[in-house]
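Have a look at run.csv below; it lists CSV, C-alpha atoms and all ligand atoms.
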chain,number,residue,atom,x,y,z
A,1,MET,CA,88.9,83.3,93.4
A,2,PRO,CA,90.7,86.6,94.0
A,3,LEU,CA,93.8,86.5,96.1
A,4,PRO,CA,93.1,86.9,99.8
A,5,LYS,CA,94.6,90.1,101.0
A,6,ALA,CA,94.5,92.9,103.6
A,7,GLU,CA,93.8,96.5,102.8
A,8,LEU,CA,95.9,98.9,104.8
A,9,HIS,CA,95.4,102.2,103.1
A,10,LEU,CA,91.7,103.1,102.5
A,11,HIS,CA,89.9,106.3,103.3
A,12,ILE,CA,86.3,105.4,104.0
A,13,GLU,CA,85.1,108.8,102.8
A,14,GLY,CA,86.9,107.9,99.5
A,15,THR,CA,84.6,104.9,99.0
A,16,LEU,CA,81.6,107.2,98.5
A,17,GLU,CA,80.2,106.1,95.1
A,18,PRO,CA,78.2,108.7,93.1
A,19,GLY,CA,75.0,106.7,93.4
A,20,LEU,CA,75.2,106.7,97.2
A,21,ALA,CA,76.3,110.4,97.3
A,22,PHE,CA,73.1,111.4,95.4
A,23,ALA,CA,70.9,109.1,97.5
A,24,LEU,CA,72.3,110.6,100.7
A,25,ALA,CA,72.1,114.2,99.3
A,26,ALA,CA,68.4,113.7,98.6
A,27,ARG,CA,67.8,112.1,102.1
A,28,ASN,CA,69.6,114.9,103.9
A,29,GLY,CA,68.5,117.8,101.8
A,30,VAL,CA,72.1,118.6,100.6
A,31,GLU,CA,72.6,120.4,97.3
A,32,LEU,CA,75.3,118.9,95.1
A,33,PRO,CA,76.9,121.0,92.3
A,34,PHE,CA,76.2,118.2,89.8
A,35,LYS,CA,73.0,117.2,87.9
A,36,ASP,CA,73.3,113.5,88.5
A,37,ALA,CA,75.7,110.6,89.3
A,38,GLU,CA,76.8,110.4,85.6
A,39,GLU,CA,77.8,114.1,85.6
A,40,LEU,CA,79.6,113.7,88.9
A,41,ARG,CA,81.6,110.8,87.5
A,42,HIS,CA,82.8,113.0,84.7
A,43,ALA,CA,84.2,115.5,87.3
A,44,TYR,CA,86.8,112.8,88.4
A,45,HIS,CA,89.7,114.4,86.6
A,46,PHE,CA,92.4,115.6,88.9
A,47,GLU,CA,95.5,117.8,88.4
A,48,ASP,CA,97.1,116.9,91.8
A,49,LEU,CA,96.3,115.9,95.4
A,50,GLN,CA,94.6,119.3,96.2
A,51,SER,CA,92.2,119.2,93.2
A,52,PHE,CA,91.1,115.8,94.4
A,53,LEU,CA,90.8,116.9,98.0
A,54,ASP,CA,88.5,119.8,97.0
A,55,LEU,CA,85.9,117.4,95.5
A,56,TYR,CA,86.5,114.8,98.3
A,57,TYR,CA,85.6,117.3,101.1
A,58,ARG,CA,82.7,118.7,99.1
A,59,LEU,CA,81.1,115.4,98.5
A,60,MET,CA,81.4,113.9,102.0
A,61,ALA,CA,79.2,116.8,103.1
A,62,VAL,CA,76.2,114.4,102.2
A,63,LEU,CA,77.2,112.3,105.3
A,64,HIS,CA,75.1,113.3,108.3
A,65,THR,CA,73.6,110.5,110.4
A,66,GLU,CA,74.9,107.3,112.0
A,67,ASP,CA,72.9,105.4,109.3
A,68,ASP,CA,74.8,107.3,106.6
A,69,PHE,CA,78.2,106.3,108.0
A,70,ALA,CA,77.1,102.7,108.6
A,71,GLU,CA,75.7,102.5,105.0
A,72,LEU,CA,79.0,103.9,103.6
A,73,ALA,CA,81.1,101.4,105.4
A,74,ASP,CA,78.9,98.4,104.7
A,75,ALA,CA,79.0,99.2,101.0
A,76,TYR,CA,82.8,99.3,101.1
A,77,LEU,CA,83.1,96.1,103.0
A,78,ALA,CA,80.8,94.3,100.6
A,79,ARG,CA,82.8,95.5,97.6
A,80,ALA,CA,86.2,94.8,99.2
A,81,ALA,CA,85.1,91.3,100.2
A,82,ALA,CA,84.1,90.5,96.6
A,83,GLN,CA,87.7,91.4,95.6
A,84,GLY,CA,89.4,89.1,98.1
A,85,VAL,CA,89.9,91.6,101.0
A,86,ARG,CA,89.8,89.6,104.3
A,87,HIS,CA,91.0,92.3,106.6
A,88,ALA,CA,90.7,96.1,106.3
A,89,GLU,CA,92.4,98.9,108.3
A,90,ILE,CA,90.1,101.8,107.6
A,91,PHE,CA,91.0,105.5,107.8
A,92,PHE,CA,88.5,108.2,108.6
A,93,ASP,CA,88.8,111.9,108.8
A,94,PRO,CA,87.0,113.1,112.0
A,95,GLN,CA,87.8,116.8,111.5
A,96,ALA,CA,86.2,116.8,108.1
A,97,HIS,CA,82.9,116.0,109.8
A,98,THR,CA,83.1,117.8,113.2
A,99,SER,CA,84.0,121.0,111.3
A,100,ARG,CA,80.6,120.9,109.6
A,101,GLY,CA,78.7,120.1,112.8
A,102,VAL,CA,78.6,116.3,112.7
A,103,PRO,CA,79.5,115.0,116.2
A,104,LEU,CA,82.4,112.6,116.5
A,105,ALA,CA,80.1,110.1,118.2
A,106,THR,CA,77.9,109.9,115.1
A,107,VAL,CA,80.9,109.2,112.9
A,108,VAL,CA,82.4,106.5,115.1
A,109,GLU,CA,79.2,104.8,116.2
A,110,GLY,CA,78.0,104.8,112.6
A,111,LEU,CA,81.2,103.3,111.2
A,112,GLY,CA,81.4,101.0,114.2
A,113,ARG,CA,78.0,99.6,113.6
A,114,ALA,CA,79.0,98.4,110.1
A,115,LEU,CA,82.4,97.1,111.4
A,116,ASP,CA,80.8,95.2,114.2
A,117,THR,CA,78.9,92.9,111.7
A,118,SER,CA,81.7,92.8,109.1
A,119,GLU,CA,83.2,89.5,109.9
A,120,GLU,CA,79.8,87.8,110.0
A,121,ARG,CA,78.3,89.6,107.0
A,122,HIS,CA,81.3,89.9,104.7
A,123,GLY,CA,84.1,87.7,106.2
A,124,VAL,CA,86.3,90.8,106.7
A,125,SER,CA,88.0,91.7,110.0
A,126,THR,CA,88.6,95.4,110.5
A,127,ARG,CA,90.5,98.1,112.4
A,128,LEU,CA,89.7,101.8,112.5
A,129,ILE,CA,92.4,104.4,112.1
A,130,MET,CA,91.6,108.0,112.9
A,131,CYS,CA,93.5,110.5,110.7
A,132,PHE,CA,94.4,114.1,111.4
A,133,LEU,CA,94.2,116.7,108.6
A,134,ARG,CA,97.8,117.9,108.3
A,135,ASP,CA,96.7,121.2,106.7
A,136,GLU,CA,94.8,122.0,109.9
A,137,SER,CA,96.6,123.1,113.1
A,138,ALA,CA,98.3,120.7,115.5
A,139,ALA,CA,96.0,122.2,118.2
A,140,SER,CA,93.0,121.0,116.2
A,141,ALA,CA,94.5,117.5,115.9
A,142,MET,CA,95.2,117.4,119.6
A,143,GLU,CA,91.6,118.5,120.4
A,144,THR,CA,90.3,115.7,118.1
A,145,LEU,CA,92.5,113.1,119.7
A,146,LEU,CA,91.4,114.1,123.2
A,147,ALA,CA,87.7,114.2,122.1
A,148,ALA,CA,88.2,110.6,120.8
A,149,LYS,CA,89.1,109.3,124.3
A,150,PRO,CA,85.6,107.8,125.0
A,151,TYR,CA,85.7,105.9,121.7
A,152,LEU,CA,89.2,104.4,121.9
A,153,HIS,CA,87.8,100.9,122.3
A,154,ARG,CA,86.8,101.3,118.6
A,155,ILE,CA,90.0,103.0,117.4
A,156,ALA,CA,93.3,101.1,116.8
A,157,GLY,CA,95.5,103.9,115.6
A,158,VAL,CA,96.1,107.4,114.3
A,159,GLY,CA,97.2,108.6,110.8
A,160,LEU,CA,98.0,111.8,109.0
A,161,ASP,CA,96.5,112.8,105.7
A,162,SER,CA,95.2,115.6,103.5
A,163,ALA,CA,97.5,118.2,101.7
A,164,GLU,CA,101.1,117.1,102.4
A,165,ALA,CA,103.4,119.7,100.9
A,166,GLY,CA,104.3,122.4,103.4
A,167,HIS,CA,102.9,120.4,106.3
A,168,PRO,CA,105.8,118.3,107.7
A,169,PRO,CA,105.2,115.4,110.1
A,170,ALA,CA,107.1,117.2,112.9
A,171,LYS,CA,104.2,119.7,113.2
A,172,PHE,CA,102.3,116.8,114.9
A,173,ARG,CA,105.1,115.6,117.3
A,174,GLU,CA,103.1,116.2,120.5
A,175,VAL,CA,99.9,114.8,119.1
A,176,TYR,CA,101.7,111.5,118.2
A,177,GLU,CA,103.3,111.4,121.6
A,178,VAL,CA,99.9,111.6,123.3
A,179,ALA,CA,98.6,109.0,120.9
A,180,ALA,CA,101.4,106.6,121.8
A,181,GLU,CA,100.7,107.2,125.5
A,182,LEU,CA,97.1,106.2,124.8
A,183,GLY,CA,98.2,102.9,123.4
A,184,LEU,CA,97.4,103.8,119.8
A,185,ARG,CA,99.2,102.5,116.8
A,186,ARG,CA,100.8,105.1,114.5
A,187,VAL,CA,101.0,105.6,110.7
A,188,ALA,CA,101.2,108.7,108.5
A,189,HIS,CA,101.0,109.6,104.8
A,190,ALA,CA,104.5,110.7,103.7
A,191,GLY,CA,106.3,110.9,100.4
A,192,GLU,CA,103.2,111.1,98.3
A,193,GLU,CA,103.6,114.7,97.2
A,194,GLY,CA,106.0,115.7,100.0
A,195,PRO,CA,109.8,115.1,99.8
A,196,PRO,CA,111.7,112.0,101.0
A,197,ALA,CA,112.7,113.9,104.2
A,198,TYR,CA,109.1,113.7,105.3
A,199,ILE,CA,109.3,109.9,105.4
A,200,SER,CA,112.4,110.0,107.6
A,201,GLU,CA,110.7,112.6,109.8
A,202,ALA,CA,107.5,110.5,110.2
A,203,LEU,CA,109.7,107.6,111.4
A,204,ASP,CA,112.0,109.6,113.6
A,205,VAL,CA,109.6,112.2,115.1
A,206,LEU,CA,106.2,110.5,115.0
A,207,GLY,CA,107.4,106.9,115.5
A,208,VAL,CA,105.2,105.5,112.7
A,209,GLU,CA,105.1,101.7,112.1
A,210,ARG,CA,104.1,102.0,108.5
A,211,VAL,CA,104.4,104.7,105.9
A,212,ASP,CA,101.4,105.5,103.7
A,213,HIS,CA,102.5,105.9,100.1
A,214,GLY,CA,106.2,106.5,100.7
A,215,LEU,CA,106.6,106.5,97.0
A,216,ARG,CA,109.2,109.3,96.9
A,217,CYS,CA,111.7,107.3,99.0
A,218,MET,CA,113.0,106.2,95.6
A,219,GLU,CA,114.7,109.6,95.3
A,220,ASP,CA,117.0,108.9,98.3
A,221,PRO,CA,119.1,105.7,98.2
A,222,GLU,CA,120.1,106.0,101.8
A,223,LEU,CA,116.5,106.2,102.9
A,224,VAL,CA,115.6,103.1,100.8
A,225,GLU,CA,118.5,101.3,102.5
A,226,ARG,CA,117.0,102.2,105.9
A,227,LEU,CA,113.5,101.2,104.9
A,228,VAL,CA,114.7,97.8,103.6
A,229,ARG,CA,116.9,97.2,106.7
A,230,ASP,CA,114.1,98.0,109.1
A,231,ARG,CA,111.4,96.2,107.1
A,232,VAL,CA,109.2,99.4,107.2
A,233,PRO,CA,106.0,98.6,105.3
A,234,LEU,CA,104.9,101.0,102.6
A,235,THR,CA,101.2,101.1,101.7
A,236,LEU,CA,101.3,101.9,98.0
A,237,CYS,CA,98.3,102.9,95.9
A,238,PRO,CA,99.1,102.6,92.2
A,239,LEU,CA,95.8,103.7,90.7
A,240,SER,CA,95.7,106.7,93.0
A,241,ASN,CA,99.2,107.6,92.0
A,242,VAL,CA,98.2,107.8,88.4
A,243,ARG,CA,95.0,109.7,89.0
A,244,LEU,CA,96.8,112.3,91.2
A,245,ARG,CA,99.7,112.5,88.8
A,246,ALA,CA,102.4,111.3,91.3
A,247,VAL,CA,103.4,109.0,88.4
A,248,ARG,CA,102.7,109.8,84.7
A,249,THR,CA,101.4,106.4,83.7
A,250,LEU,CA,100.8,103.1,85.4
A,251,GLU,CA,103.5,101.5,83.2
A,252,GLU,CA,106.0,103.9,84.8
A,253,HIS,CA,105.0,103.1,88.4
A,254,PRO,CA,108.1,102.2,90.5
A,255,LEU,CA,106.5,99.2,92.3
A,256,PRO,CA,108.7,96.6,90.5
A,257,ALA,CA,111.8,98.7,91.2
A,258,MET,CA,110.7,99.1,94.8
A,259,MET,CA,110.2,95.3,95.2
A,260,ASP,CA,113.6,94.7,93.4
A,261,ALA,CA,115.2,97.0,96.0
A,262,GLY,CA,113.8,94.8,98.8
A,263,LEU,CA,111.2,97.2,100.1
A,264,MET,CA,108.2,95.8,102.0
A,265,CYS,CA,105.5,96.9,99.6
A,266,THR,CA,101.7,96.5,99.9
A,267,VAL,CA,99.1,97.4,97.3
A,268,ASN,CA,95.9,99.3,98.3
A,269,SER,CA,93.2,101.4,96.8
A,270,ASP,CA,93.3,104.8,98.8
A,271,ASP,CA,90.0,106.3,97.6
A,272,PRO,CA,88.6,103.7,95.3
A,273,SER,CA,85.4,105.5,94.2
A,274,TYR,CA,87.5,108.4,92.9
A,275,PHE,CA,90.6,106.6,91.5
A,276,GLY,CA,89.0,103.8,89.4
A,277,GLY,CA,89.2,100.7,91.5
A,278,TYR,CA,89.1,98.7,94.7
A,279,ALA,CA,92.0,96.6,96.2
A,280,GLY,CA,91.6,93.7,93.7
A,281,ASP,CA,91.4,96.2,90.8
A,282,ASN,CA,94.8,97.6,92.0
A,283,PHE,CA,96.3,94.1,92.0
A,284,ASP,CA,94.9,93.4,88.5
A,285,ALA,CA,96.3,96.8,87.3
A,286,VAL,CA,99.8,96.1,88.4
A,287,GLN,CA,99.7,92.6,87.0
A,288,ARG,CA,98.5,93.9,83.6
A,289,ALA,CA,100.5,97.2,83.3
A,290,LEU,CA,103.7,96.3,85.1
A,291,GLY,CA,103.9,92.5,84.4
A,292,VAL,CA,104.0,91.7,88.1
A,293,GLY,CA,103.9,87.9,88.2
A,294,GLU,CA,102.0,85.5,90.4
A,295,GLU,CA,104.8,85.0,92.9
A,296,ARG,CA,105.1,88.7,93.5
A,297,LEU,CA,101.4,89.2,93.7
A,298,ARG,CA,101.4,86.5,96.5
A,299,GLU,CA,104.3,88.4,98.2
A,300,LEU,CA,102.3,91.6,98.1
A,301,ALA,CA,99.3,89.8,99.6
A,302,ARG,CA,101.4,88.2,102.3
A,303,ASN,CA,103.1,91.5,103.1
A,304,SER,CA,99.6,93.0,103.6
A,305,PHE,CA,98.8,90.6,106.5
A,306,LEU,CA,102.3,90.9,108.0
A,307,ALA,CA,102.2,94.7,108.0
A,308,SER,CA,98.7,94.7,109.4
A,309,PHE,CA,97.7,95.4,113.1
A,310,LEU,CA,96.2,91.9,113.4
A,311,GLU,CA,97.3,90.0,116.5
A,312,ASP,CA,99.7,87.1,115.7
A,313,ASP,CA,97.1,84.4,116.0
A,314,GLU,CA,94.6,86.2,113.8
A,315,GLU,CA,97.4,86.8,111.3
A,316,ARG,CA,98.4,83.2,111.2
A,317,ARG,CA,94.8,82.2,110.4
A,318,ALA,CA,94.8,84.8,107.6
A,319,LEU,CA,98.1,83.5,106.1
B,401,LIG,N1,96.4,111.7,100.2
B,401,LIG,C1,96.3,112.5,101.3
B,401,LIG,N2,95.1,112.7,101.9
B,401,LIG,C2,94.1,112.0,101.5
B,401,LIG,C3,94.2,111.1,100.5
B,401,LIG,C4,95.4,110.9,99.8
B,401,LIG,O1,95.6,110.2,98.8
B,401,LIG,N3,92.9,110.6,100.3
B,401,LIG,C5,92.1,111.1,101.3
B,401,LIG,N4,92.8,112.0,102.0
B,402,ZN,ZN,95.6,108.1,101.4
How does this structure look as structure tokens?
Ligand code: HPA
Ligand code: ZN
Amino acid sequence: MPLPKAELHLHIEGTLEPGLAFALAARNGVELPFKDAEELRHAYHFEDLQSFLDLYYRLMAVLHTEDDFAELADAYLARAAAQGVRHAEIFFDPQAHTSRGVPLATVVEGLGRALDTSEERHGVSTRLIMCFLRDESAASAMETLLAAKPYLHRIAGVGLDSAEAGHPPAKFREVYEVAAELGLRRVAHAGEEGPPAYISEALDVLGVERVDHGLRCMEDPELVERLVRDRVPLTLCPLSNVRLRAVRTLEEHPLPAMMDAGLMCTVNSDDPSYFGGYAGDNFDAVQRALGVGEERLRELARNSFLASFLEDDEERRAL
């Protein structure tokens, strides 16, 4: 029985497996620059975040209809459930779809359809988090937020993703202010490729409740002290960090040092189709490569529920 856990850092577009990508490409008449799923899998070698993002945006262009988005999410939920995930807070990138002519309604209703039956079909409760692409303008993010108003019953929060370096959190100050006024929860990627100062800025300027990745906090002892004191959850993604070369090898991942420092860490999969594993695979990897013991694995799993956006009574049931 895999350890019951919540997944808090998961891009639904990053769960697109090669087989489904080719099936959807055929269904929707989209040409992919690869012969077959096997050849595509061999393209999964990345130099950095940007080289991954180039393929990630290219491949998600096979997603067109509500059915496509529902199928994508349902496939993820089935895989996640098999690895012990009992609750998933799922990112999606609306601008990456609206910019190629797919209406926001198609994306949200398609994902929503899979999420609506998730507890019943897979035993996984869910939340949806809408991310803004930080390498696009703040005006585009604001437009996206306002366009989402009719769907806010389906959306729990906002996040910030895509190319980090050169796109500091403060660029999105007003967008996050409006999101807060709309009652949305707030998270942001920070300190994956960007400097530790972006983590402080995400907390101070955007008012985030969790930091996605946050890995580079370890370069700033005062920041670590603050994150420990305020119990700010970090959604770490060890296999992603290796594949995108944020760390050299899994054996050198700072997770044990971060837990030693008292940081509130969680372990997640980020883009499991691209990075070699789902949530349970990430837990197995840190156990194997870093010697993280049973007690700490249980702490990571407990943290995942505590750091989630579950209501208190739901959380107690999960724990
Ligand atoms: N980092 C930033 N943006 C992303 C990622 C990531 O790991 N995955 C999908 N969008
Ligand atoms: Zn991510």
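The nearest approach to Asp67 of chain A among the residues A:Ala81, A:Leu49, A:Val107, A:Leu3, with all atoms listed in the file taken into account, belongs to A:Val107.
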Problem - Straight-line distance linking atom CA of Leu223 of chain A with atom CA of Leu206 of chain A, stated in Å to one decimal - result: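 These two atoms are separated by 16.5 Å.
With distances taken over only C-alpha atoms and all ligand atoms, A:Pro238 is the one residue among A:Pro2, A:Pro238, A:Gly123, A:Gly280 lying closest to ligand ZN 402 (chain B).
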Determine, counting all atoms listed in the file, which protein, DNA and RNA residues have an atom within 9 Å of an atom of Leu263 of chain A; residues of the same chain fewer than 6 positions away are not included. Present the result as a short mmCIF file (atom, residue, chain, number, x, y, z; two decimals) with C-alpha atoms, keeping the file's coordinate frame.
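Dumped to result14.cif:
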data_model
loop_
_atom_site.label_atom_id
_atom_site.label_comp_id
_atom_site.auth_asym_id
_atom_site.auth_seq_id
_atom_site.Cartn_x
_atom_site.Cartn_y
_atom_site.Cartn_z
CA VAL A 224 115.60 103.10 100.80
CA GLU A 225 118.50 101.30 102.50
CA LEU A 227 113.50 101.20 104.90
CA VAL A 228 114.70 97.80 103.60
CA ARG A 229 116.90 97.20 106.70
CA ARG A 231 111.40 96.20 107.10
CA VAL A 232 109.20 99.40 107.20
CA PRO A 233 106.00 98.60 105.30
CA LEU A 234 104.90 101.00 102.60
#
Problem - Nearest residue to ligand ZN 402 (chain B) from the set A:Asp74, A:Glu47, A:Asp212, A:Glu136 (distances using only C-alpha atoms and all ligand atoms) - result: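 Of A:Asp74, A:Glu47, A:Asp212, A:Glu136, the one nearest ligand ZN 402 (chain B), counting only C-alpha atoms and all ligand atoms, is A:Asp212.
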Could you write segment 207-227 of chain A as a short mmCIF file (atom, residue, chain, number, x, y, z; two decimals), in the frame of the given file, with N, CA and C atoms rebuilt where they are missing?
data_model
loop_
_atom_site.label_atom_id
_atom_site.label_comp_id
_atom_site.auth_asym_id
_atom_site.auth_seq_id
_atom_site.Cartn_x
_atom_site.Cartn_y
_atom_site.Cartn_z
N GLY A 207 107.30 108.32 115.10
CA GLY A 207 107.40 106.90 115.50
C GLY A 207 106.40 106.01 114.76
N VAL A 208 106.17 106.30 113.47
CA VAL A 208 105.20 105.50 112.70
C VAL A 208 105.73 104.08 112.47
N GLU A 209 104.79 103.13 112.41
CA GLU A 209 105.10 101.70 112.10
C GLU A 209 105.04 101.38 110.66
N ARG A 210 104.25 102.18 109.94
CA ARG A 210 104.10 102.00 108.50
C ARG A 210 104.10 103.38 107.88
N VAL A 211 104.48 103.45 106.60
CA VAL A 211 104.40 104.70 105.90
C VAL A 211 103.35 104.59 104.78
N ASP A 212 102.39 105.50 104.77
CA ASP A 212 101.40 105.50 103.70
C ASP A 212 101.88 106.20 102.50
N HIS A 213 101.84 105.51 101.38
CA HIS A 213 102.50 105.90 100.10
C HIS A 213 103.99 105.65 100.20
N GLY A 214 104.74 106.67 100.61
CA GLY A 214 106.20 106.50 100.70
C GLY A 214 106.89 106.41 99.37
N LEU A 215 106.13 106.70 98.33
CA LEU A 215 106.60 106.50 97.00
C LEU A 215 107.93 107.25 96.68
N ARG A 216 108.04 108.46 97.21
CA ARG A 216 109.20 109.30 96.90
C ARG A 216 110.48 108.87 97.61
N CYS A 217 110.42 107.81 98.38
CA CYS A 217 111.70 107.30 99.00
C CYS A 217 112.68 106.93 97.92
N MET A 218 112.16 106.62 96.72
CA MET A 218 113.00 106.20 95.60
C MET A 218 114.03 107.27 95.19
N GLU A 219 113.79 108.51 95.63
CA GLU A 219 114.70 109.60 95.30
C GLU A 219 115.91 109.64 96.23
N ASP A 220 115.90 108.81 97.28
CA ASP A 220 117.00 108.90 98.30
C ASP A 220 117.46 107.47 98.64
N PRO A 221 118.56 107.05 98.00
CA PRO A 221 119.10 105.70 98.20
C PRO A 221 119.35 105.32 99.65
N GLU A 222 119.81 106.29 100.43
CA GLU A 222 120.10 106.00 101.80
C GLU A 222 118.81 105.69 102.61
N LEU A 223 117.76 106.41 102.25
CA LEU A 223 116.50 106.20 102.90
C LEU A 223 115.92 104.80 102.48
N VAL A 224 116.07 104.46 101.22
CA VAL A 224 115.60 103.10 100.80
C VAL A 224 116.36 102.05 101.57
N GLU A 225 117.66 102.24 101.74
CA GLU A 225 118.50 101.30 102.50
C GLU A 225 117.89 101.11 103.94
N ARG A 226 117.56 102.22 104.53
CA ARG A 226 117.00 102.20 105.90
C ARG A 226 115.65 101.47 105.93
N LEU A 227 114.79 101.78 104.97
CA LEU A 227 113.50 101.20 104.90
C LEU A 227 113.54 99.67 104.71
#
